[in-house]
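Structure file structure-v6.cif (mmCIF, C-alpha atoms and all ligand atoms) follows.
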data_data
loop_
_atom_site.label_atom_id
_atom_site.label_comp_id
_atom_site.auth_asym_id
_atom_site.auth_seq_id
_atom_site.Cartn_x
_atom_site.Cartn_y
_atom_site.Cartn_z
CA MET A 680 -47.96 -51.06 59.37
CA LYS A 681 -45.60 -52.89 57.01
CA GLY A 682 -47.70 -55.99 57.62
CA TRP A 683 -50.80 -54.25 56.29
CA VAL A 684 -49.08 -53.27 53.05
CA GLU A 685 -47.82 -56.83 52.56
CA PHE A 686 -51.30 -58.10 53.31
CA LEU A 687 -52.79 -55.78 50.66
CA LYS A 688 -50.29 -57.00 48.07
CA ARG A 689 -51.53 -60.53 48.63
CA LYS A 690 -55.12 -59.37 48.09
CA SER A 691 -54.51 -57.68 44.72
CA ASP A 692 -51.60 -57.07 42.41
CA LYS A 693 -53.28 -53.93 41.02
CA PRO A 694 -52.43 -50.49 42.42
CA ILE A 695 -55.16 -48.55 44.23
CA LYS A 696 -56.57 -45.79 42.03
CA ILE A 697 -58.52 -42.88 43.43
CA THR A 698 -61.36 -41.11 41.67
CA GLU A 699 -62.20 -37.67 43.03
CA VAL A 700 -65.94 -37.16 42.67
CA CYS A 701 -66.51 -33.62 44.03
CA LEU A 702 -67.10 -32.27 40.52
CA ARG A 703 -69.84 -34.85 39.93
CA ASP A 704 -71.31 -36.18 43.22
CA GLY A 705 -70.68 -32.71 44.67
CA SER A 706 -72.77 -31.23 41.89
CA HIS A 707 -75.85 -32.33 43.89
CA VAL A 708 -74.68 -30.16 46.80
CA MET A 709 -73.91 -27.26 44.46
CA GLN A 710 -77.40 -27.68 42.99
CA HIS A 711 -75.65 -28.19 39.65
CA GLN A 712 -74.49 -24.56 39.63
CA TYR A 713 -70.75 -25.15 39.11
CA THR A 714 -69.13 -22.40 37.09
CA GLU A 715 -66.46 -23.07 34.51
CA ALA A 716 -63.94 -21.12 36.61
CA GLN A 717 -64.65 -23.32 39.67
CA VAL A 718 -64.27 -26.52 37.66
CA ARG A 719 -61.06 -25.28 36.06
CA ARG A 720 -59.52 -24.33 39.39
CA VAL A 721 -60.47 -27.55 41.20
CA ALA A 722 -59.39 -29.74 38.27
CA ARG A 723 -56.07 -27.89 37.93
CA GLU A 724 -55.24 -28.18 41.61
CA LEU A 725 -56.27 -31.84 41.74
CA ASP A 726 -54.07 -32.49 38.72
CA GLU A 727 -51.15 -30.70 40.38
CA ALA A 728 -51.68 -32.84 43.49
CA GLY A 729 -51.44 -36.00 41.35
CA MET A 730 -55.07 -37.17 41.53
CA HIS A 731 -55.59 -40.27 39.37
CA TYR A 732 -59.10 -39.64 38.02
CA ILE A 733 -61.44 -36.65 38.26
CA GLU A 734 -65.12 -37.29 37.58
CA VAL A 735 -66.99 -34.41 35.93
CA SER A 736 -70.69 -34.61 35.00
CA HIS A 737 -74.08 -33.44 36.20
CA GLY A 738 -74.76 -35.05 39.62
CA ASP A 739 -77.12 -37.53 37.99
CA GLY A 740 -74.63 -38.25 35.25
CA LEU A 741 -74.46 -37.21 31.61
CA GLY A 742 -77.72 -35.73 30.40
CA GLY A 743 -78.92 -35.06 33.94
CA SER A 744 -79.49 -31.36 33.33
CA THR A 745 -83.29 -31.43 33.12
CA LEU A 746 -86.18 -29.94 35.07
CA GLN A 747 -86.62 -33.29 36.79
CA TYR A 748 -83.02 -33.61 38.05
CA GLY A 749 -82.06 -29.93 38.17
CA LYS A 750 -80.74 -27.74 35.40
CA SER A 751 -76.99 -27.15 35.27
CA LEU A 752 -75.75 -23.58 35.22
CA VAL A 753 -73.11 -24.50 32.64
CA ASP A 754 -73.44 -27.25 30.04
CA GLU A 755 -71.59 -30.28 31.42
CA MET A 756 -69.80 -30.75 28.09
CA LYS A 757 -68.24 -27.34 28.57
CA LEU A 758 -67.19 -28.36 32.08
CA ILE A 759 -65.73 -31.66 30.86
CA GLU A 760 -63.79 -29.83 28.15
CA ALA A 761 -62.51 -27.30 30.70
CA ALA A 762 -61.37 -30.05 33.11
CA VAL A 763 -59.60 -31.93 30.32
CA ASP A 764 -57.90 -28.69 29.31
CA GLU A 765 -56.56 -28.17 32.86
CA CYS A 766 -55.24 -31.71 33.37
CA GLN A 767 -51.71 -32.70 32.45
CA ASN A 768 -51.80 -36.10 34.11
CA SER A 769 -55.14 -36.75 35.81
CA LYS A 770 -57.69 -38.53 33.65
CA VAL A 771 -61.18 -37.10 33.34
CA ALA A 772 -64.03 -39.53 34.03
CA VAL A 773 -67.78 -39.27 33.47
CA LEU A 774 -70.82 -40.98 34.97
CA LEU A 775 -73.63 -42.34 32.85
CA LEU A 776 -76.99 -43.66 34.04
CA PRO A 777 -78.69 -45.44 31.12
CA GLY A 778 -82.11 -43.84 30.74
CA ILE A 779 -80.83 -40.43 31.78
CA GLY A 780 -77.71 -40.22 29.60
CA THR A 781 -77.46 -41.65 26.12
CA VAL A 782 -74.76 -43.05 23.91
CA HIS A 783 -74.84 -39.73 22.06
CA GLU A 784 -73.68 -37.83 25.17
CA LEU A 785 -71.10 -40.48 25.90
CA LYS A 786 -69.55 -40.06 22.44
CA GLN A 787 -69.53 -36.30 22.88
CA ALA A 788 -67.78 -36.55 26.26
CA HIS A 789 -65.26 -38.96 24.78
CA GLU A 790 -64.53 -36.62 21.88
CA LEU A 791 -63.88 -33.85 24.39
CA GLY A 792 -61.27 -36.00 26.12
CA ALA A 793 -63.06 -37.98 28.86
CA SER A 794 -61.27 -41.31 28.93
CA LEU A 795 -63.17 -43.27 31.60
CA VAL A 796 -66.87 -43.87 32.07
CA ARG A 797 -68.76 -45.45 34.95
CA VAL A 798 -72.04 -46.91 33.81
CA ALA A 799 -74.40 -46.81 36.77
CA THR A 800 -77.55 -48.82 37.43
CA HIS A 801 -79.63 -49.74 40.43
CA VAL A 802 -78.06 -52.79 42.08
CA THR A 803 -80.66 -55.17 40.65
CA GLU A 804 -80.83 -53.68 37.14
CA ALA A 805 -77.42 -54.31 35.60
CA ASP A 806 -79.06 -55.62 32.43
CA VAL A 807 -79.85 -52.08 31.29
CA SER A 808 -76.11 -51.31 31.08
CA ALA A 809 -75.21 -53.77 28.30
CA GLN A 810 -75.45 -51.39 25.36
CA HIS A 811 -73.67 -48.50 27.07
CA ILE A 812 -70.84 -50.68 28.38
CA SER A 813 -70.17 -52.23 25.00
CA MET A 814 -70.35 -48.86 23.23
CA ALA A 815 -67.90 -47.36 25.71
CA ARG A 816 -65.49 -50.24 25.11
CA GLU A 817 -65.81 -49.73 21.35
CA LEU A 818 -64.88 -46.09 21.86
CA GLY A 819 -61.77 -47.30 23.67
CA MET A 820 -62.77 -45.80 27.03
CA GLU A 821 -61.92 -47.39 30.36
CA THR A 822 -65.34 -48.76 31.22
CA LEU A 823 -66.49 -49.55 34.73
CA GLY A 824 -69.81 -50.68 36.19
CA PHE A 825 -71.37 -48.89 39.16
CA LEU A 826 -74.02 -50.80 41.14
CA MET A 827 -75.94 -48.20 43.14
CA MET A 828 -77.84 -48.70 46.42
CA ALA A 829 -75.74 -51.82 47.00
CA HIS A 830 -77.11 -52.24 50.54
CA MET A 831 -80.49 -53.19 49.07
CA ALA A 832 -79.38 -56.47 47.51
CA PRO A 833 -78.20 -59.61 49.25
CA THR A 834 -74.62 -60.47 48.40
CA GLU A 835 -75.56 -63.30 45.98
CA LYS A 836 -77.70 -60.88 43.97
CA LEU A 837 -74.92 -58.30 43.91
CA VAL A 838 -72.50 -60.94 42.60
CA GLU A 839 -74.98 -62.02 39.91
CA GLN A 840 -75.43 -58.41 38.75
CA ALA A 841 -71.70 -57.65 38.80
CA LYS A 842 -71.08 -60.75 36.69
CA LEU A 843 -73.55 -59.42 34.13
CA MET A 844 -71.60 -56.15 33.92
CA GLU A 845 -68.38 -58.13 33.57
CA SER A 846 -69.93 -60.16 30.74
CA TYR A 847 -70.88 -56.92 28.91
CA GLY A 848 -67.24 -55.80 29.02
CA ALA A 849 -66.90 -53.78 32.25
CA GLN A 850 -63.30 -53.65 33.45
CA ALA A 851 -64.27 -53.15 37.09
CA VAL A 852 -67.47 -53.11 39.11
CA TYR A 853 -68.14 -50.83 42.05
CA VAL A 854 -70.09 -51.53 45.19
CA THR A 855 -71.84 -48.17 45.49
CA ASP A 856 -73.13 -47.35 48.94
CA SER A 857 -75.42 -44.58 47.70
CA ALA A 858 -77.31 -44.12 50.98
CA GLY A 859 -74.26 -44.56 53.21
CA ALA A 860 -76.12 -47.45 54.82
CA LEU A 861 -73.59 -50.28 54.67
CA LEU A 862 -71.98 -51.51 57.87
CA PRO A 863 -68.30 -52.58 57.87
CA GLN A 864 -69.19 -56.28 58.06
CA GLU A 865 -71.45 -55.93 55.02
CA VAL A 866 -68.75 -54.13 53.04
CA LYS A 867 -66.33 -56.91 53.93
CA GLU A 868 -68.74 -59.61 52.81
CA LYS A 869 -69.73 -57.88 49.56
CA ILE A 870 -66.24 -56.92 48.42
CA ALA A 871 -64.82 -60.35 49.31
CA ALA A 872 -67.62 -62.07 47.37
CA LEU A 873 -66.98 -59.94 44.28
CA ARG A 874 -63.23 -60.47 44.50
CA ASN A 875 -63.81 -64.22 44.63
CA SER A 876 -66.30 -64.28 41.75
CA LEU A 877 -64.97 -61.77 39.21
CA SER A 878 -61.76 -61.61 37.21
CA ILE A 879 -61.93 -57.83 36.96
CA GLU A 880 -61.17 -55.14 39.52
CA VAL A 881 -63.61 -54.24 42.29
CA GLY A 882 -64.33 -50.69 43.41
CA PHE A 883 -65.99 -49.02 46.37
CA HIS A 884 -67.92 -45.73 46.53
CA ALA A 885 -68.89 -44.70 50.06
CA HIS A 886 -71.28 -42.13 51.53
CA ASN A 887 -70.80 -40.81 55.03
CA ASN A 888 -74.36 -40.81 56.44
CA LEU A 889 -73.38 -43.12 59.31
CA SER A 890 -69.89 -41.61 59.63
CA LEU A 891 -68.43 -44.84 58.25
CA ALA A 892 -67.21 -43.72 54.83
CA VAL A 893 -63.47 -43.76 55.54
CA ALA A 894 -63.67 -46.85 57.77
CA ASN A 895 -65.76 -48.74 55.21
CA THR A 896 -63.36 -47.71 52.44
CA LEU A 897 -60.42 -49.09 54.44
CA THR A 898 -62.36 -52.33 54.90
CA ALA A 899 -63.03 -52.46 51.15
CA ILE A 900 -59.33 -51.94 50.42
CA GLU A 901 -58.45 -54.63 52.92
CA GLU A 902 -60.71 -57.02 51.00
CA GLY A 903 -59.01 -56.19 47.71
CA ALA A 904 -60.95 -53.24 46.26
CA THR A 905 -58.58 -51.20 44.11
CA ARG A 906 -60.89 -48.56 42.59
CA ILE A 907 -61.72 -46.10 45.33
CA ASP A 908 -63.80 -42.93 45.39
CA GLY A 909 -63.54 -39.90 47.59
CA SER A 910 -64.79 -36.34 47.67
CA ILE A 911 -62.57 -33.59 48.93
CA ARG A 912 -64.04 -31.78 51.95
CA CYS A 913 -66.82 -34.41 51.76
CA LEU A 914 -68.30 -32.56 48.77
CA GLY A 915 -70.74 -35.25 47.68
CA ALA A 916 -74.48 -35.85 47.99
CA GLY A 917 -76.04 -36.10 51.45
CA ALA A 918 -73.28 -36.32 54.04
CA GLY A 919 -70.65 -36.58 51.30
CA ASN A 920 -68.33 -39.45 50.45
CA ALA A 921 -65.11 -40.69 52.01
CA GLN A 922 -63.30 -37.38 52.54
CA THR A 923 -60.44 -37.73 50.07
CA GLU A 924 -57.75 -35.78 51.90
CA VAL A 925 -58.56 -37.62 55.14
CA LEU A 926 -58.57 -41.03 53.44
CA LEU A 927 -55.22 -40.29 51.77
CA SER A 928 -53.71 -39.16 55.08
CA VAL A 929 -54.88 -42.32 56.84
CA LEU A 930 -53.60 -44.54 54.02
CA ASP A 931 -50.26 -42.73 54.13
CA ARG A 932 -50.02 -43.32 57.89
CA MET A 933 -50.66 -46.99 57.14
CA GLY A 934 -47.76 -47.04 54.70
CA VAL A 935 -49.78 -46.82 51.49
CA ASN A 936 -48.50 -43.96 49.37
CA LEU A 937 -50.55 -43.44 46.24
CA GLY A 938 -48.41 -40.70 44.71
CA ILE A 939 -50.94 -37.99 45.55
CA ASP A 940 -49.52 -34.97 47.41
CA ILE A 941 -51.34 -34.81 50.75
CA TYR A 942 -50.34 -31.23 51.60
CA LYS A 943 -51.64 -30.06 48.23
CA MET A 944 -54.90 -31.91 48.85
CA MET A 945 -55.22 -30.33 52.31
CA ASP A 946 -54.61 -26.86 50.84
CA LEU A 947 -57.08 -27.44 48.04
CA ALA A 948 -59.69 -28.55 50.58
CA GLU A 949 -59.07 -25.53 52.79
CA ASN A 950 -58.51 -22.71 50.31
CA THR A 951 -60.44 -23.70 47.22
CA VAL A 952 -63.22 -26.19 47.95
CA GLY A 953 -64.15 -25.06 51.49
CA PRO A 954 -65.07 -21.49 50.42
CA MET A 955 -67.04 -22.82 47.44
CA ILE A 956 -69.42 -25.04 49.44
CA PRO A 957 -72.79 -23.39 50.23
CA ARG A 958 -72.83 -24.85 53.77
CA ALA A 959 -70.49 -27.15 55.65
CA GLN A 960 -70.97 -30.82 54.87
CA GLU A 961 -72.16 -32.41 58.09
CA ILE A 962 -74.15 -35.39 59.21
CA ASN A 963 -77.37 -33.69 60.18
CA ARG A 964 -80.63 -35.34 61.21
CA GLY A 965 -81.72 -35.69 57.58
CA SER A 966 -78.60 -37.38 56.26
CA LEU A 967 -78.31 -39.57 59.35
CA VAL A 968 -81.86 -40.88 59.02
CA LEU A 969 -81.33 -41.58 55.31
CA GLY A 970 -78.32 -43.75 56.13
CA TYR A 971 -80.15 -45.34 59.04
CA ALA A 972 -83.22 -46.12 56.94
CA GLY A 973 -81.23 -46.91 53.78
CA VAL A 974 -83.18 -44.75 51.33
CA TYR A 975 -82.21 -42.31 48.60
CA SER A 976 -81.63 -38.68 49.57
CA SER A 977 -84.32 -37.53 47.10
CA PHE A 978 -86.95 -39.05 49.44
CA LEU A 979 -86.14 -36.82 52.40
CA LEU A 980 -87.98 -33.65 51.42
CA HIS A 981 -91.08 -35.55 50.24
CA ALA A 982 -91.15 -37.58 53.46
CA GLU A 983 -90.94 -34.40 55.55
CA ARG A 984 -93.86 -32.90 53.63
CA ALA A 985 -95.92 -36.09 53.93
CA GLY A 986 -95.09 -36.23 57.64
CA GLN A 987 -96.50 -32.76 58.17
CA ARG A 988 -99.61 -33.54 56.15
CA PHE A 989 -100.44 -36.75 58.03
CA GLY A 990 -99.06 -35.79 61.44
CA ILE A 991 -96.42 -38.53 61.35
CA ASP A 992 -92.71 -38.31 62.19
CA SER A 993 -90.95 -38.29 58.80
CA ARG A 994 -88.32 -40.67 60.24
CA ASP A 995 -90.99 -43.34 60.67
CA ILE A 996 -92.01 -42.88 57.04
CA LEU A 997 -88.42 -43.17 55.81
CA ILE A 998 -87.73 -46.25 57.91
CA GLU A 999 -90.86 -47.95 56.58
CA LEU A 1000 -89.84 -47.02 53.01
CA GLY A 1001 -86.41 -48.55 53.68
CA LYS A 1002 -88.05 -51.77 54.89
CA ARG A 1003 -90.10 -51.86 51.67
CA LYS A 1004 -86.91 -51.39 49.64
CA VAL A 1005 -88.25 -48.51 47.56
CA VAL A 1006 -86.09 -47.31 44.70
CA GLY A 1007 -85.73 -43.93 42.95
CA GLY A 1008 -88.87 -43.27 40.90
CA GLN A 1009 -91.17 -44.77 43.56
CA GLU A 1010 -91.72 -41.44 45.32
CA ASP A 1011 -95.49 -41.99 45.05
CA MET A 1012 -95.08 -44.66 47.77
CA ILE A 1013 -94.25 -41.93 50.29
CA LEU A 1014 -97.83 -40.67 50.53
CA ASP A 1015 -99.18 -44.25 50.63
CA VAL A 1016 -96.88 -45.15 53.51
CA ALA A 1017 -97.67 -41.92 55.40
CA ALA A 1018 -101.41 -42.53 55.01
CA GLU A 1019 -101.07 -46.17 56.13
CA LEU A 1020 -99.05 -45.21 59.21
CA ALA A 1021 -101.55 -42.49 60.12
CA LYS A 1022 -104.47 -44.91 59.75
CA ALA A 1023 -102.77 -47.62 61.80
CA ARG A 1024 -102.06 -45.13 64.59
CA LYS A 1025 -105.63 -43.91 64.70
CA LEU A 1026 -106.75 -47.52 65.05
CA GLU A 1027 -104.27 -48.02 67.89
CA VAL A 1028 -105.67 -45.07 69.90
C1 LIG B 1101 -78.11 -40.38 40.96
C2 LIG B 1101 -76.68 -40.74 40.70
C3 LIG B 1101 -75.96 -40.93 42.01
O1 LIG B 1101 -75.62 -39.66 42.56
C4 LIG B 1101 -74.74 -41.79 41.78
C5 LIG B 1101 -73.98 -41.95 43.04
O2 LIG B 1101 -72.96 -41.33 43.25
C6 LIG B 1101 -74.49 -42.84 44.09
O3 LIG B 1101 -75.43 -43.61 43.85
O4 LIG B 1101 -73.93 -42.79 45.19
MN MN B 1102 -72.53 -41.04 45.35
#
Go ahead and render the structure in this file as structure tokens.
Ligand SMILES: CC[C@H](O)CC(=O)C(=O)O
Ligand SMILES: [Mn+2]
Amino acid sequence: MKGWVEFLKRKSDKPIKITEVCLRDGSHVMQHQYTEAQVRRVARELDEAGMHYIEVSHGDGLGGSTLQYGKSLVDEMKLIEAAVDECQNSKVAVLLLPGIGTVHELKQAHELGASLVRVATHVTEADVSAQHISMARELGMETLGFLMMAHMAPTEKLVEQAKLMESYGAQAVYVTDSAGALLPQEVKEKIAALRNSLSIEVGFHAHNNLSLAVANTLTAIEEGATRIDGSIRCLGAGAGNAQTEVLLSVLDRMGVNLGIDIYKMMDLAENTVGPMIPRAQEINRGSLVLGYAGVYSSFLLHAERAGQRFGIDSRDILIELGKRKVVGGQEDMILDVAAELAKARKLEV
């Protein structure tokens, strides 16, 4: 494996940095009901294990605690403050989706000790991140761009959008595989294109809907991605992310030691996070079909309801929605598609 490590060094001179997202992406799974005690314990144990960054926010980012996105049990600012309080070395990160979170919340999180922000937009809408990226830089925060649903844009478009984020001041841009739909070859192509076109770091955020999260993350690293996300025990939306303790174990076997204690991560997964999760994170029919169709997890329930109403298999609805490249906020399309499919089938009979 020495060859692999040498190969990686040629791809990037920057060290790989891991962001643990269970306290943010996992908030979706916890239905935003994290208690302060849970956040304190997870943050403390991650810190003791040597985790580089710990992301803490509502699942939909700062300001996400609303009726529309799900109310948090505990104000996320309180949770951010608690995580900062527990961390001696790990840095606390936050997620911000312009339109959901505002500069006001960003300043508040920064005052409480969050030192890194990822400003997230749909993969074709980087232009809405300009103000938030520049404000975060003014605050002195590490500021990274996060291009969600990356499978929906051709590579040239992704590069164009990442360049916009770079021009606004982002210090890295992530390829975010929100639906867990990217295939290894696509990850390779997208990360390589960004590495060749940007002068900043490139990151990768995987989801495990097609059981490819760890494999895709290794491919991203091989292509020079240095900002990497994982969720311990797969505690992230849908089928979860690259399982952090598994990814770290594989990297260690490959000769890449990131200074994070693997035994401590395994124990944290087993004794702390496992018992906290409402039900085991698995790739069930729902998460699989979301990855297969390439649509947001918020569409699943609506598609199932529409399927029942129109007598159509919800998988057919989701696949058609994927083909039409629907984005979050276009949930009204679900009924249209279901009605169209039902009509077409009646005509066929
Ligand atoms: C809605 C925000 C989303 O959970 C961000 C993210 O982690 C992703 O797109 O994968
Ligand atoms: Mn995610």
Contacts of ligand LIG 1101 (chain B), 9 Å or closer, all atoms listed in the file, given as number ranges by chain: A: 700, 703-707, 737-740, 743, 748, 774-776, 799-801, 825-829, 855-859, 884-886, 915-916, 920, 975, 1007
For atom CA of A:Glu821 and atom CA of A:Glu868, determine how far apart the two atoms are, in Å to one decimal place.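 Value for the atom CA of A:Glu821-atom CA of A:Glu868 distance: 26.5 Å.
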Every residue with an atom at most 10 Å from (-73.2, -39.1, 26.4) (file coordinates; only C-alpha atoms) is what I'm after, so could you write them as a PyMOL selection string? chain A and resi 740-742+756+773-777+779-789+796+811+815
Give me a file of those residues, with C-alpha atoms, as a PDB file, keeping the file's coordinate frame.
ATOM      1  CA  GLY A 740     -74.630 -38.250  35.250  1.00  0.00           C
ATOM      2  CA  LEU A 741     -74.460 -37.210  31.610  1.00  0.00           C
ATOM      3  CA  GLY A 742     -77.720 -35.730  30.400  1.00  0.00           C
ATOM      4  CA  MET A 756     -69.800 -30.750  28.090  1.00  0.00           C
ATOM      5  CA  VAL A 773     -67.780 -39.270  33.470  1.00  0.00           C
ATOM      6  CA  LEU A 774     -70.820 -40.980  34.970  1.00  0.00           C
ATOM      7  CA  LEU A 775     -73.630 -42.340  32.850  1.00  0.00           C
ATOM      8  CA  LEU A 776     -76.990 -43.660  34.040  1.00  0.00           C
ATOM      9  CA  PRO A 777     -78.690 -45.440  31.120  1.00  0.00           C
ATOM     10  CA  ILE A 779     -80.830 -40.430  31.780  1.00  0.00           C
ATOM     11  CA  GLY A 780     -77.710 -40.220  29.600  1.00  0.00           C
ATOM     12  CA  THR A 781     -77.460 -41.650  26.120  1.00  0.00           C
ATOM     13  CA  VAL A 782     -74.760 -43.050  23.910  1.00  0.00           C
ATOM     14  CA  HIS A 783     -74.840 -39.730  22.060  1.00  0.00           C
ATOM     15  CA  GLU A 784     -73.680 -37.830  25.170  1.00  0.00           C
ATOM     16  CA  LEU A 785     -71.100 -40.480  25.900  1.00  0.00           C
ATOM     17  CA  LYS A 786     -69.550 -40.060  22.440  1.00  0.00           C
ATOM     18  CA  GLN A 787     -69.530 -36.300  22.880  1.00  0.00           C
ATOM     19  CA  ALA A 788     -67.780 -36.550  26.260  1.00  0.00           C
ATOM     20  CA  HIS A 789     -65.260 -38.960  24.780  1.00  0.00           C
ATOM     21  CA  VAL A 796     -66.870 -43.870  32.070  1.00  0.00           C
ATOM     22  CA  HIS A 811     -73.670 -48.500  27.070  1.00  0.00           C
ATOM     23  CA  ALA A 815     -67.900 -47.360  25.710  1.00  0.00           C
TER      24      ALA A 815
END
Distance criterion (only C-alpha atoms): nearest to A:Ile911 out of A:Ala805, A:Ala841, A:Ile695, A:Leu702: A:Leu702
Contacts of A:Leu891 within 10 Å, only C-alpha atoms, excl. fewer than 2 positions in-chain, as a CSV table (one decimal) with C-alpha atoms, keeping the file's coordinate frame:
chain,number,residue,atom,x,y,z
A,859,GLY,CA,-74.3,-44.6,53.2
A,860,ALA,CA,-76.1,-47.4,54.8
A,861,LEU,CA,-73.6,-50.3,54.7
A,862,LEU,CA,-72.0,-51.5,57.9
A,863,PRO,CA,-68.3,-52.6,57.9
A,885,ALA,CA,-68.9,-44.7,50.1
A,886,HIS,CA,-71.3,-42.1,51.5
A,887,ASN,CA,-70.8,-40.8,55.0
A,888,ASN,CA,-74.4,-40.8,56.4
A,889,LEU,CA,-73.4,-43.1,59.3
A,893,VAL,CA,-63.5,-43.8,55.5
A,894,ALA,CA,-63.7,-46.8,57.8
A,895,ASN,CA,-65.8,-48.7,55.2
A,896,THR,CA,-63.4,-47.7,52.4
A,897,LEU,CA,-60.4,-49.1,54.4
A,920,ASN,CA,-68.3,-39.4,50.4
A,921,ALA,CA,-65.1,-40.7,52.0
Counting only C-alpha atoms, the residue of A:Met831, A:Met730, A:Val929, A:Ala1021 that sits nearest A:Gln767: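 Closest residue, counting only C-alpha atoms: A:Met730.
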Report, in Å to a single decimal, how far apart atom CA of A:Ser794 and atom CA of A:Thr822 are.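 If I compute the distance from atom CA of A:Thr822 to atom CA of A:Ser794, I get 8.8 Å.
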Atom CA of A:Glu804 to atom CA of A:Ile1013: how many Å, to one decimal? 22.2 Å
Among listed residues A:Asn875, A:Thr745, A:Thr698, A:Gln1009, nearest ligand MN 1102 (chain B) (using all atoms listed in the file):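 Nearest to ligand MN 1102 (chain B): A:Thr698.
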Kindly indicate which residue among A:Gly682, A:Pro833, A:Gly917, A:Gly990 lies nearest to ligand MN 1102 (chain B), using only C-alpha atoms and all ligand atoms for the distances. A:Gly917
Which residues are close to A:Leu969, i.e. within 10 Å by only C-alpha atoms, leaving aside same-chain residues fewer than 2 positions away? Reply as a list of chain:residue names. A:Ala858, A:Gly859, A:Ala860, A:Asn888, A:Leu889, A:Gly917, A:Ala918, A:Arg964, A:Gly965, A:Ser966, A:Leu967, A:Tyr971, A:Ala972, A:Gly973, A:Val974, A:Tyr975, A:Ser976, A:Ser977, A:Phe978, A:Leu979, A:Arg994, A:Leu997, A:Ile998, A:Gly1001
Could you tell me which of A:Asp1011, A:Gly953, A:Gly934, A:Val1005 comes closest to A:Met680 if we count only C-alpha atoms? A:Gly934
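Minimum distance to ligand MN 1102 (chain B) across A:Cys701, A:Ile812, A:Val718, A:Val866 (counting only C-alpha atoms and all ligand atoms) occurs at A:Cys701.
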What lies within 7 Å of A:Tyr732 using only C-alpha atoms, ignoring chain neighbours under 6 positions off, as a VMD selection string? chain A and resid 697 to 699 769 to 772
Once you count only C-alpha atoms, which residues end up no further than 12 Å from (-49.0, -27.3, 40.1) in the file's frame, shown as a VMD selection string? chain A and resid 720 to 730 765 to 768 940 943 to 944 947
